[in-house]
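Note: the block below is target-v4.txt and it holds compact mmCIF, C-alpha atoms and all ligand atoms.
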# COMPACT_ATOMS: atom_id res chain seq x y z
CA MET A 1 0.00 0.00 0.00
CA ILE A 2 2.88 2.36 0.68
CA TRP A 3 4.62 3.96 -2.31
CA ARG A 4 8.18 4.75 -1.28
CA PRO A 5 10.28 7.79 -2.27
CA PHE A 6 13.14 7.49 -4.78
CA THR A 7 12.37 3.79 -5.24
CA GLN A 8 11.72 1.65 -8.31
CA GLU A 9 9.14 -0.53 -6.57
CA LYS A 10 9.32 -3.23 -9.25
CA THR A 11 12.96 -4.14 -8.76
CA THR A 12 13.80 -3.24 -5.18
CA HIS A 13 13.66 -5.50 -2.14
CA PRO A 14 10.84 -5.07 0.39
CA ALA A 15 11.42 -2.34 2.96
CA ILE A 16 13.20 -3.33 6.17
CA LYS A 17 10.78 -2.62 8.98
CA VAL A 18 12.51 -0.66 11.73
CA LYS A 19 11.29 -0.92 15.31
CA LYS A 20 13.76 1.17 17.19
CA GLY A 21 16.65 3.59 16.81
CA GLU A 22 19.33 4.44 19.31
CA GLY A 23 22.55 6.38 18.69
CA ALA A 24 24.07 5.35 15.38
CA TYR A 25 21.98 2.15 15.23
CA LEU A 26 18.62 1.04 13.85
CA TRP A 27 16.98 -2.20 15.00
CA ALA A 28 14.80 -4.06 12.51
CA GLU A 29 11.72 -6.08 13.37
CA ASP A 30 13.58 -9.34 12.64
CA GLY A 31 16.21 -8.47 15.27
CA GLU A 32 18.94 -7.33 12.81
CA LYS A 33 20.88 -4.22 13.81
CA TYR A 34 22.14 -1.63 11.29
CA LEU A 35 24.75 1.06 11.69
CA ASP A 36 23.22 4.11 9.98
CA MET A 37 26.17 5.50 8.03
CA ILE A 38 24.12 8.00 6.05
CA SER A 39 22.30 9.57 9.02
CA SER A 40 19.00 8.55 7.41
CA TRP A 41 19.24 10.90 4.42
CA TRP A 42 21.63 13.21 6.24
CA VAL A 43 19.31 14.41 9.02
CA THR A 44 20.01 12.52 12.28
CA ILE A 45 23.16 14.43 13.20
CA HIS A 46 23.17 13.32 16.86
CA GLY A 47 22.00 9.77 16.17
CA HIS A 48 18.56 8.21 16.60
CA ALA A 49 16.12 8.88 19.44
CA GLN A 50 18.42 11.38 21.15
CA GLN A 51 16.78 11.56 24.56
CA GLU A 52 17.22 15.26 25.36
CA ILE A 53 15.57 16.24 22.07
CA ALA A 54 12.81 13.66 22.62
CA HIS A 55 12.04 15.12 26.07
CA ALA A 56 12.07 18.71 24.80
CA ILE A 57 9.56 17.68 22.13
CA TYR A 58 7.32 15.98 24.70
CA HIS A 59 7.22 19.05 26.95
CA GLN A 60 6.49 21.39 24.08
CA ALA A 61 3.74 19.11 22.72
CA CYS A 62 2.04 19.26 26.14
CA THR A 63 2.26 23.08 26.18
CA LEU A 64 1.65 24.41 22.66
CA GLU A 65 1.65 22.03 19.71
CA HIS A 66 1.02 24.58 16.97
CA VAL A 67 -0.27 28.06 16.23
CA ILE A 68 -0.78 30.01 13.01
CA PHE A 69 2.47 31.93 12.46
CA ALA A 70 1.15 35.02 10.68
CA GLU A 71 -0.45 37.09 13.46
CA PHE A 72 1.12 35.05 16.26
CA SER A 73 4.60 34.15 17.39
CA HIS A 74 6.07 31.98 20.16
CA ASP A 75 9.18 31.48 22.28
CA PRO A 76 10.50 28.35 20.53
CA ALA A 77 10.72 30.17 17.16
CA GLU A 78 12.14 33.34 18.69
CA THR A 79 14.72 31.48 20.78
CA LEU A 80 15.79 29.39 17.81
CA VAL A 81 16.31 32.44 15.62
CA LYS A 82 18.18 34.28 18.39
CA ASN A 83 20.52 31.33 18.96
CA LEU A 84 21.13 30.67 15.28
CA LYS A 85 21.87 34.32 14.66
CA LYS A 86 24.77 34.17 17.14
CA ASN A 87 26.36 31.61 14.80
CA LEU A 88 25.87 33.52 11.55
CA PRO A 89 27.51 36.58 9.97
CA ALA A 90 25.75 39.73 11.24
CA HIS A 91 24.34 40.54 7.78
CA LEU A 92 22.25 37.35 7.76
CA CYS A 93 19.58 38.56 10.13
CA LYS A 94 16.09 37.90 8.66
CA PHE A 95 14.72 34.39 9.12
CA PHE A 96 11.83 32.92 7.13
CA PHE A 97 10.51 29.53 8.24
CA SER A 98 9.29 26.69 6.02
CA ASP A 99 9.13 22.89 6.12
CA ASP A 100 11.97 21.11 4.33
CA GLY A 101 14.99 21.63 2.13
CA SER A 102 12.98 22.02 -1.05
CA THR A 103 10.74 24.70 0.40
CA ALA A 104 13.73 26.55 1.91
CA VAL A 105 15.07 26.71 -1.65
CA GLU A 106 11.69 27.70 -3.16
CA VAL A 107 11.52 30.58 -0.67
CA ALA A 108 15.03 31.79 -1.57
CA LEU A 109 14.28 31.63 -5.31
CA LYS A 110 10.96 33.44 -4.95
CA MET A 111 12.43 36.08 -2.65
CA ALA A 112 15.34 36.72 -5.02
CA TYR A 113 12.98 37.05 -7.97
CA GLN A 114 10.53 39.30 -6.14
CA TYR A 115 13.36 41.41 -4.70
CA PHE A 116 14.03 42.65 -8.24
CA GLN A 117 10.37 42.72 -9.32
CA ASN A 118 9.48 44.93 -6.34
CA GLN A 119 12.13 47.41 -7.45
CA GLY A 120 10.96 47.49 -11.05
CA MET A 121 13.86 45.41 -12.40
CA LYS A 122 11.51 43.21 -14.38
CA GLU A 123 14.16 41.76 -16.69
CA ARG A 124 15.88 39.72 -13.95
CA LYS A 125 13.97 36.51 -14.56
CA LEU A 126 16.71 33.89 -14.84
CA PHE A 127 18.61 31.86 -12.26
CA LEU A 128 22.17 30.63 -12.54
CA SER A 129 23.22 27.28 -11.11
CA LEU A 130 26.15 24.91 -10.95
CA GLU A 131 25.80 21.92 -13.25
CA GLY A 132 24.93 18.72 -11.42
CA GLY A 133 23.47 20.55 -8.43
CA TYR A 134 20.49 19.27 -6.48
CA HIS A 135 18.13 21.55 -4.57
CA GLY A 136 15.03 19.40 -4.00
CA ASP A 137 12.12 17.88 -5.88
CA THR A 138 9.58 20.71 -6.08
CA PHE A 139 9.29 22.53 -9.39
CA GLY A 140 11.28 25.62 -8.50
CA ALA A 141 14.04 23.59 -6.89
CA MET A 142 14.12 21.18 -9.84
CA SER A 143 14.20 24.02 -12.36
CA ALA A 144 16.97 25.80 -10.50
CA ALA A 145 19.13 22.69 -10.73
CA GLY A 146 18.94 22.92 -14.52
CA LYS A 147 17.70 20.76 -17.37
CA ASN A 148 20.57 18.24 -17.20
CA SER A 149 19.75 17.05 -13.69
CA GLN A 150 20.19 13.28 -13.39
CA TYR A 151 17.08 13.07 -11.18
CA HIS A 152 14.50 15.16 -12.95
CA ALA A 153 14.84 14.55 -16.69
CA THR A 154 11.17 13.49 -17.01
CA PHE A 155 9.98 16.95 -16.03
CA SER A 156 12.58 19.09 -17.74
CA GLU A 157 10.24 20.47 -20.41
CA LEU A 158 8.18 22.04 -17.65
CA PHE A 159 11.10 23.83 -15.98
CA PHE A 160 11.64 27.58 -16.09
CA ASN A 161 14.86 28.54 -17.86
CA THR A 162 18.13 28.67 -16.00
CA ALA A 163 21.68 29.39 -17.05
CA SER A 164 24.38 27.08 -15.78
CA VAL A 165 28.09 26.99 -14.97
CA GLU A 166 30.28 23.90 -15.10
CA ALA A 167 31.38 22.61 -11.67
CA PRO A 168 35.14 21.84 -11.58
CA GLU A 169 35.23 18.61 -9.61
CA PHE A 170 38.03 18.28 -7.06
CA TYR A 171 39.42 15.07 -5.58
CA THR A 172 42.73 13.51 -4.52
CA GLY A 173 45.00 13.35 -7.55
CA VAL A 174 42.96 15.67 -9.80
CA GLN A 175 45.05 17.29 -12.57
CA ALA A 176 45.21 20.91 -13.79
CA ILE A 177 42.34 22.07 -11.59
CA GLU A 178 43.36 25.75 -11.55
CA GLU A 179 43.44 25.95 -15.35
CA LYS A 180 40.02 24.40 -15.49
CA GLU A 181 38.61 26.79 -12.88
CA ASN A 182 40.10 29.81 -14.66
CA ARG A 183 38.62 28.71 -17.97
CA ILE A 184 35.15 28.30 -16.41
CA ILE A 185 35.30 31.73 -14.78
CA GLN A 186 36.48 33.30 -18.03
CA GLU A 187 33.59 31.68 -19.94
CA LEU A 188 31.19 32.82 -17.25
CA HIS A 189 32.37 36.42 -17.66
CA GLU A 190 31.66 36.18 -21.37
CA LYS A 191 28.21 34.75 -20.76
CA LEU A 192 27.33 37.31 -18.09
CA SER A 193 28.45 40.25 -20.17
CA GLU A 194 25.51 39.29 -22.42
CA ILE A 195 22.87 37.98 -20.01
CA GLY A 196 24.07 39.03 -16.52
CA HIS A 197 21.43 41.78 -16.32
CA THR A 198 18.66 39.14 -16.78
CA ILE A 199 19.76 36.93 -13.87
CA SER A 200 18.33 37.37 -10.38
CA ALA A 201 20.38 34.86 -8.40
CA LEU A 202 23.11 32.26 -8.43
CA ILE A 203 22.22 29.14 -6.45
CA VAL A 204 24.95 26.76 -5.24
CA GLU A 205 25.59 24.04 -2.72
CA PRO A 206 28.80 25.55 -1.31
CA LEU A 207 31.97 23.40 -1.55
CA ILE A 208 30.20 20.08 -2.10
CA GLN A 209 27.38 18.95 -4.36
CA GLY A 210 25.65 16.31 -2.27
CA ALA A 211 23.11 14.38 -4.33
CA ALA A 212 25.31 14.80 -7.43
CA GLY A 213 27.59 12.25 -5.76
CA MET A 214 29.35 14.13 -2.94
CA ARG A 215 31.32 16.06 -5.56
CA LEU A 216 33.72 18.61 -4.11
CA TYR A 217 34.91 21.80 -5.68
CA ARG A 218 37.51 24.17 -4.30
CA LEU A 219 36.94 27.18 -2.08
CA GLU A 220 39.00 29.25 -4.53
CA PHE A 221 36.48 28.46 -7.26
CA LEU A 222 33.49 29.28 -5.04
CA GLU A 223 35.04 32.66 -4.19
CA ALA A 224 35.85 33.45 -7.83
CA LEU A 225 32.33 32.44 -8.87
CA VAL A 226 30.63 34.65 -6.30
CA LYS A 227 32.96 37.58 -7.02
CA THR A 228 32.16 37.27 -10.73
CA VAL A 229 28.37 37.13 -10.43
CA ARG A 230 28.29 40.01 -7.95
CA GLN A 231 29.92 42.23 -10.57
CA TYR A 232 26.67 41.81 -12.51
CA GLY A 233 24.39 42.63 -9.56
CA ILE A 234 23.33 38.98 -9.17
CA LEU A 235 22.23 37.78 -5.71
CA VAL A 236 23.80 34.68 -4.17
CA ILE A 237 21.93 31.74 -2.62
CA PHE A 238 23.88 29.22 -0.55
CA ASP A 239 21.89 26.02 -0.31
CA GLU A 240 23.32 24.57 2.92
CA VAL A 241 20.50 22.09 3.39
CA MET A 242 23.07 19.28 3.40
CA THR A 243 26.25 21.11 4.41
CA GLY A 244 24.80 22.93 7.43
CA PHE A 245 25.38 22.05 11.09
CA TYR A 246 29.01 20.93 10.94
CA ARG A 247 28.63 18.41 8.13
CA THR A 248 31.67 19.97 6.43
CA GLY A 249 33.59 20.35 9.71
CA LYS A 250 32.42 23.93 10.37
CA MET A 251 28.99 25.14 11.45
CA PHE A 252 28.23 26.18 7.87
CA ALA A 253 30.24 25.85 4.68
CA LEU A 254 30.12 29.66 4.52
CA ASP A 255 32.41 29.70 7.57
CA TYR A 256 35.27 28.60 5.29
CA THR A 257 35.10 31.94 3.49
CA GLN A 258 34.54 35.67 3.92
CA ILE A 259 31.63 35.50 1.46
CA ILE A 260 28.27 36.39 2.93
CA PRO A 261 25.52 35.07 0.68
CA ASP A 262 22.26 36.99 0.24
CA PHE A 263 20.30 33.85 1.14
CA LEU A 264 21.14 30.80 3.22
CA CYS A 265 18.89 27.70 3.06
CA LEU A 266 18.87 25.38 6.07
CA SER A 267 16.97 22.21 6.90
CA LYS A 268 17.98 18.51 7.31
CA GLY A 269 20.18 18.64 10.48
CA LEU A 270 18.27 21.64 11.86
CA THR A 271 16.05 19.60 14.21
CA GLY A 272 18.62 16.83 14.74
CA GLY A 273 16.53 14.65 12.42
CA PHE A 274 13.38 14.64 14.55
CA LEU A 275 10.95 16.82 12.64
CA PRO A 276 10.72 18.63 9.31
CA LEU A 277 11.63 22.30 9.57
CA ALA A 278 13.52 24.75 7.37
CA LEU A 279 14.81 28.29 7.34
CA THR A 280 15.73 30.71 4.60
CA VAL A 281 17.95 33.37 6.12
CA THR A 282 18.50 36.66 4.31
CA THR A 283 19.70 40.22 4.76
CA LYS A 284 18.09 43.47 5.87
CA LYS A 285 18.61 44.82 2.34
CA VAL A 286 16.47 42.04 0.85
CA TYR A 287 13.86 42.29 3.62
CA GLU A 288 13.45 46.04 3.14
CA ALA A 289 12.68 45.61 -0.56
CA PHE A 290 9.41 43.96 0.50
CA LEU A 291 8.26 46.79 2.80
CA SER A 292 5.51 48.82 1.16
CA LYS A 293 1.94 50.00 1.52
CA ASP A 294 1.19 47.75 -1.45
CA PRO A 295 0.15 44.28 -0.15
CA GLN A 296 1.36 42.69 -3.42
CA LYS A 297 4.91 43.70 -2.51
CA ALA A 298 4.81 41.54 0.62
CA PHE A 299 6.22 38.04 0.41
CA LEU A 300 2.94 36.17 -0.03
CA HIS A 301 4.22 32.71 0.80
CA GLY A 302 3.57 30.39 3.76
CA HIS A 303 2.82 26.83 4.82
CA SER A 304 0.30 25.45 7.30
CA TYR A 305 3.01 24.20 9.66
CA THR A 306 5.31 27.21 9.35
CA ALA A 307 7.56 27.47 12.45
CA ASN A 308 5.86 24.60 14.24
CA PRO A 309 6.76 25.08 17.95
CA ILE A 310 7.55 21.39 18.52
CA ALA A 311 9.98 21.38 15.59
CA CYS A 312 11.47 24.66 16.85
CA VAL A 313 12.23 23.26 20.33
CA ALA A 314 13.80 20.20 18.71
CA ALA A 315 16.01 22.58 16.70
CA CYS A 316 16.92 24.64 19.82
CA LYS A 317 17.95 21.49 21.69
CA SER A 318 19.82 20.10 18.70
CA LEU A 319 21.80 23.35 18.37
CA GLU A 320 22.62 23.30 22.09
CA ILE A 321 23.96 19.72 21.81
CA LEU A 322 25.86 20.61 18.64
CA LEU A 323 27.71 23.46 20.33
CA ARG A 324 28.83 21.37 23.31
CA GLN A 325 32.55 20.83 23.60
CA GLU A 326 32.24 17.03 23.45
CA THR A 327 30.19 17.18 20.21
CA GLN A 328 32.68 19.59 18.66
CA GLN A 329 35.54 17.32 19.61
CA ARG A 330 33.80 14.27 18.17
CA ILE A 331 33.12 16.09 14.88
CA ALA A 332 36.83 16.95 14.61
CA GLU A 333 37.76 13.33 15.40
CA ILE A 334 35.39 11.92 12.76
CA ALA A 335 36.88 14.31 10.18
CA GLN A 336 40.38 13.17 11.13
CA PHE A 337 39.36 9.51 11.01
CA HIS A 338 38.01 9.92 7.47
CA LYS A 339 41.19 11.73 6.39
CA ASN A 340 43.42 8.99 7.76
CA SER A 341 41.37 6.15 6.31
CA PHE A 342 42.51 4.28 3.26
CA VAL A 343 40.09 2.79 0.74
CA LYS A 344 41.70 0.54 -1.81
CA ASN A 345 41.00 0.22 -5.56
CA VAL A 346 38.67 3.21 -5.80
CA HIS A 347 38.53 6.42 -7.82
CA LYS A 348 38.28 10.04 -6.76
CA ARG A 349 38.81 9.53 -3.04
CA ARG A 350 37.63 12.65 -1.17
CA THR A 351 36.74 13.83 2.32
CA LEU A 352 35.35 17.06 3.73
CA GLY A 353 34.65 17.30 7.46
CA THR A 354 32.45 14.39 8.48
CA ILE A 355 31.82 13.35 4.84
CA SER A 356 33.90 10.67 3.15
CA ALA A 357 33.31 9.51 -0.43
CA PHE A 358 34.82 7.55 -3.30
CA ASP A 359 33.72 6.22 -6.67
CA VAL A 360 33.72 2.63 -7.89
CA SER A 361 33.68 1.65 -11.53
CA SER A 362 29.94 1.21 -12.02
CA TYR A 363 26.47 1.73 -10.60
CA GLU A 364 26.17 -2.07 -10.26
CA GLU A 365 29.37 -2.34 -8.26
CA ALA A 366 28.25 0.47 -5.94
CA HIS A 367 24.97 -1.34 -5.29
CA SER A 368 26.68 -4.65 -4.81
CA LEU A 369 29.01 -3.05 -2.23
CA ALA A 370 26.04 -1.45 -0.45
CA ASN A 371 24.29 -4.85 -0.34
CA ALA A 372 27.40 -6.49 1.08
CA ALA A 373 27.55 -3.74 3.73
CA LEU A 374 23.90 -4.33 4.60
CA GLN A 375 24.63 -8.03 5.11
CA ASN A 376 27.28 -6.85 7.58
CA GLY A 377 24.84 -4.60 9.41
CA ILE A 378 25.87 -1.31 7.78
CA LEU A 379 23.48 1.04 6.01
CA LEU A 380 25.02 2.77 2.98
CA ARG A 381 23.07 4.16 0.04
CA PRO A 382 25.04 4.80 -3.15
CA LEU A 383 24.55 7.83 -5.37
CA GLY A 384 25.18 6.43 -8.87
CA ASN A 385 28.65 4.91 -8.70
CA THR A 386 29.55 6.92 -5.58
CA LEU A 387 29.66 5.47 -2.08
CA TYR A 388 29.80 7.84 0.84
CA LEU A 389 29.83 7.86 4.62
CA LEU A 390 27.94 10.64 6.37
CA PRO A 391 27.58 9.34 9.92
CA PRO A 392 25.78 10.79 12.92
CA TYR A 393 28.22 12.61 15.20
CA CYS A 394 27.78 10.02 17.98
CA VAL A 395 29.51 7.34 15.87
CA THR A 396 32.63 5.90 17.54
CA ASP A 397 36.06 5.26 16.03
CA GLU A 398 35.49 1.51 16.47
CA GLU A 399 32.28 1.72 14.43
CA LEU A 400 34.00 3.75 11.72
CA ALA A 401 36.89 1.30 11.66
CA LYS A 402 34.43 -1.57 11.17
CA VAL A 403 32.80 0.23 8.24
CA TYR A 404 36.11 0.92 6.46
CA ASP A 405 37.14 -2.67 7.14
CA VAL A 406 33.95 -4.10 5.59
CA ILE A 407 34.35 -1.81 2.56
CA ASN A 408 38.01 -2.72 2.06
CA LYS A 409 37.33 -6.46 2.44
CA TYR A 410 34.66 -6.21 -0.24
CA LEU A 411 36.86 -4.17 -2.56
C1 LIG B 1 21.49 20.62 -1.03
C2 LIG B 1 20.07 20.18 -0.90
N1 LIG B 1 19.07 21.08 -1.06
C3 LIG B 1 17.79 20.74 -0.94
C4 LIG B 1 17.41 19.45 -0.66
C5 LIG B 1 15.97 19.09 -0.54
O1 LIG B 1 15.67 18.83 0.80
P1 LIG B 1 14.32 18.03 1.19
O2 LIG B 1 14.56 16.62 0.77
O3 LIG B 1 14.26 18.19 2.68
O4 LIG B 1 13.20 18.69 0.49
C6 LIG B 1 18.40 18.48 -0.49
C7 LIG B 1 18.04 17.09 -0.22
O5 LIG B 1 18.82 16.19 -0.29
C8 LIG B 1 19.76 18.86 -0.62
O6 LIG B 1 20.75 17.97 -0.48

Structure rendered as structure tokens:
Amino acid sequence: MIWRPFTQEKTTHPAIKVKKGEGAYLWAEDGEKYLDMISSWWVTIHGHAQQEIAHAIYHQACTLEHVIFAEFSHDPAETLVKNLKKNLPAHLCKFFFSDDGSTAVEVALKMAYQYFQNQGMKERKLFLSLEGGYHGDTFGAMSAAGKNSQYHATFSELFFNTASVEAPEFYTGVQAIEEKENRIIQELHEKLSEIGHTISALIVEPLIQGAAGMRLYRLEFLEALVKTVRQYGILVIFDEVMTGFYRTGKMFALDYTQIIPDFLCLSKGLTGGFLPLALTVTTKKVYEAFLSKDPQKAFLHGHSYTANPIACVAACKSLEILLRQETQQRIAEIAQFHKNSFVKNVHKRRTLGTISAFDVSSYEEAHSLANAALQNGILLRPLGNTLYLLPPYCVTDEELAKVYDVINKYL
């Protein structure tokens, strides 16, 4: 009866029914235990059923489960925003709530577009994106990723037009990367000198394209890209839905650079994997472009569950746990463990913070490796021919060692 996401129901095995989660583990109904090495689609940053978050949720549910967020506000949302703000560049100071990564992106796209429309710059109708990017499965998010997306080809005729830039993939042993980056930036200049005035925003996953296969690109390229587009008055959207909350080793990927984007999209790890919640954070300059006596100039966008108080307390507690010294230390240790780990007979070995990835020669081999891992009680989920580890921060060195051992034995 259940139709699963991202699943070819005809060829896949029946779902494993999970009864319980604790820390890095999931327990199936048949008694098998699985080490969740992908944090259940990158959300459970502290591991499963984290008790402090669970209790915070219970108390909030007994006090105020939900309230319309237009005329009303509440402490959980205000506290969350106040605490997040302390961890962001001062310019990122206006917080718009939504429900998941895709809607955080939709909000950023719509705000960027309307920012120009409200000021009479009607020609800025295009978006610019990095080839291979992934920003979610709603129409705006799909369109923004471009027509060549490996996930959304079926719908591409329905997308709005976007311009794209090649992403210069970086990995151990890559050759002539600087030449490649320079060429791409040069070509971008040429393109923007013609169409730059028609683009409202650049959207990128900073430093690493997640669903594209954990593909890294260099900070130097990100900085050159942003510098270039800003010369043409184009706004910048950082989609940190995957990279946020220390996934890359720092709170946000933007902390690796001096760049302050005009929009920051957050979700996934925001509530520690307990509840759907998202934020699009922007600047005072953007916010003020929506202030008017004309109601049509307001940002007329919202969702029924916007800023749900239970999700907000989960996010407050998750942030508190994240900032603890022991969590910070563990994140640094996981990053070091990945860096020191050897994986034999693979291509394009790469790590960034708590993410570790490599490619095998085919899609079939990747799936065969993931199946072998599952037989050994390890949950991996390949992206094409890429295998990656993206563990919850409670994972131990012994557990990581077991995972690398199983992978190497298979390879
Ligand atoms: C970078 C990025 N943006 C947006 C999304 C969409 O998030 P959601 O699945 O919560 O809609 C994802 C999901 O993987 C993502 O990785």

For this session: Around ligand LIG 1 (chain B), at most 6 Å away and counting only C-alpha atoms and all ligand atoms, which residues are there? Put them as an NGL selection string, please.
Result: :A and (100-102 or 134-136 or 205 or 210-211 or 239-242 or 268)

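With CA of Leu270 in chain A on one side and CA of Ala315 in chain A on the other, the separation reads 5.4 Å.
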
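For the atom pair formed by CA of Ala298 in chain A and CA of Gly140 in chain A, the distance is 19.5 Å, given to one decimal.
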
Output as a Markdown table one row per residue of range 180-219 of chain A within 9 Å of range 382-403 of chain A: the closest atom pair and its distance in Å to one decimal place, counting only C-alpha atoms, sorted by chain and residue number ascending.
| residue | atom | partner | partner_atom | distance |
| --- | --- | --- | --- | --- |
| A:Ala211 | CA | A:Leu383 | CA | 6.8 |
| A:Ala212 | CA | A:Leu383 | CA | 7.3 |
| A:Gly213 | CA | A:Leu383 | CA | 5.4 |
| A:Met214 | CA | A:Tyr388 | CA | 7.4 |

Exercise. Residues at most 10 Å from Thr257 in chain A, counting all atoms listed in the file, excluding those fewer than 6 positions away in the same chain, as JSON, numbers by chain?
Worked result: {"A": [219, 220, 222, 223]}

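Shortest separation to Gln209 in chain A among A:Leu291, A:Leu64, A:Met37, A:Ala167 occurs at residue A:Ala167, atoms counted being only C-alpha atoms.
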
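Comparing A:Leu411, A:Ala366, A:Val286, A:Ala24 by their smallest distance to Asn345 in chain A, the closest is A:Leu411 (using all atoms listed in the file).
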
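Every protein, DNA or RNA residue with an atom at most 6 Å from range 148-165 of chain A, where all atoms listed in the file count and chain neighbours fewer than 2 positions away do not, is listed here: Leu126, Phe127, Leu128, Ser129, Leu130, Glu131, Gly132, Ser143 and Gly146 of chain A.
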
Problem set entry | Selection: 12 Å around range 12-20 of chain A, only C-alpha atoms, excl. self and same-chain fewer than 4 positions, as a count of residues only | 28

Seminar exercise, completed: Between CA of Ile203 in chain A and CA of Pro309 in chain A lies a distance of 29.2 Å

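Restricting the calculation to all atoms listed in the file, the smallest distance between Val204 in chain A and any of A:Asn182, A:Thr243, A:Asn87, A:Asn340 is found for A:Thr243.
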
Problem set entry | Residue contacts of Gln328 in chain A (10 Å, all atoms listed in the file) excluding same-chain residues fewer than 2 positions away, as a ChimeraX atom specification | /A:246,249-251,321-326,330-333,393

Exercise. Which polymer residues have any atom within 10 Å of an atom of Leu264 in chain A, counting only C-alpha atoms, with same-chain residues fewer than 4 positions away left out, as a list in words?
Worked result: Leu88, Leu92, Phe95, Ala104, Val105, Ala108, Ile203, Val236, Ile237, Phe238, Asp239, Glu240, Val241, Gly244, Phe252, Leu254, Ile260, Leu279, Thr280, Val281, Thr282 and Thr283 of chain A

Exercise. Need the neighbours of (35.0, -7.5, 1.4): which residues are at most 10 Å away, counting all atoms listed in the file, as a ChimeraX atom specification?
Worked result: /A:369,372-373,376,404-411

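Closest approach to Glu187 in chain A among A:Ile259, A:Cys62, A:Ile234, A:Leu225 is made by A:Leu225 (distances from all atoms listed in the file).
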
For this session: For each of A:Tyr115, A:Phe139, A:Tyr217, A:Phe69, take the minimum atom-to-atom distance to Ile177 in chain A, counting all atoms listed in the file, then give the residue where this is smallest.
Result: A:Tyr217

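Among the candidates A:Phe97, A:Phe221, A:Tyr232, A:Trp42, the residue lying nearest to Thr306 in chain A is A:Phe97 (atoms considered: only C-alpha atoms).
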
Is there a way to complete range 48-52 of chain A with all heavy atoms and then write that out as a compact mmCIF listing (two decimals), in the coordinates of the input?
# COMPACT_ATOMS: atom_id res chain seq x y z
N HIS A 48 20.01 8.44 16.49
CA HIS A 48 18.56 8.21 16.60
C HIS A 48 18.08 8.33 18.04
O HIS A 48 18.78 7.98 18.98
CB HIS A 48 18.22 6.83 16.05
CG HIS A 48 18.46 6.74 14.57
ND1 HIS A 48 17.55 7.22 13.65
CD2 HIS A 48 19.51 6.28 13.84
CE1 HIS A 48 18.02 7.03 12.42
NE2 HIS A 48 19.21 6.47 12.51
N ALA A 49 16.83 8.81 18.16
CA ALA A 49 16.12 8.88 19.44
C ALA A 49 16.95 9.56 20.53
O ALA A 49 16.98 9.11 21.68
CB ALA A 49 15.69 7.47 19.88
N GLN A 50 17.63 10.64 20.17
CA GLN A 50 18.42 11.38 21.15
C GLN A 50 17.45 11.84 22.27
O GLN A 50 16.47 12.55 22.01
CB GLN A 50 19.09 12.57 20.44
CG GLN A 50 20.38 13.04 21.06
CD GLN A 50 20.19 13.80 22.35
OE1 GLN A 50 19.10 14.26 22.68
NE2 GLN A 50 21.27 13.92 23.10
N GLN A 51 17.76 11.43 23.48
CA GLN A 51 16.78 11.56 24.56
C GLN A 51 16.48 13.00 24.96
O GLN A 51 15.33 13.33 25.28
CB GLN A 51 17.24 10.76 25.78
CG GLN A 51 17.19 9.26 25.54
CD GLN A 51 15.75 8.76 25.31
OE1 GLN A 51 14.93 8.78 26.22
NE2 GLN A 51 15.45 8.33 24.09
N GLU A 52 17.47 13.87 24.95
CA GLU A 52 17.22 15.26 25.36
C GLU A 52 16.27 15.94 24.36
O GLU A 52 15.38 16.69 24.75
CB GLU A 52 18.52 16.04 25.41
CG GLU A 52 19.42 15.64 26.55
CD GLU A 52 20.77 16.31 26.40
OE1 GLU A 52 20.92 17.44 26.85
OE2 GLU A 52 21.65 15.69 25.77
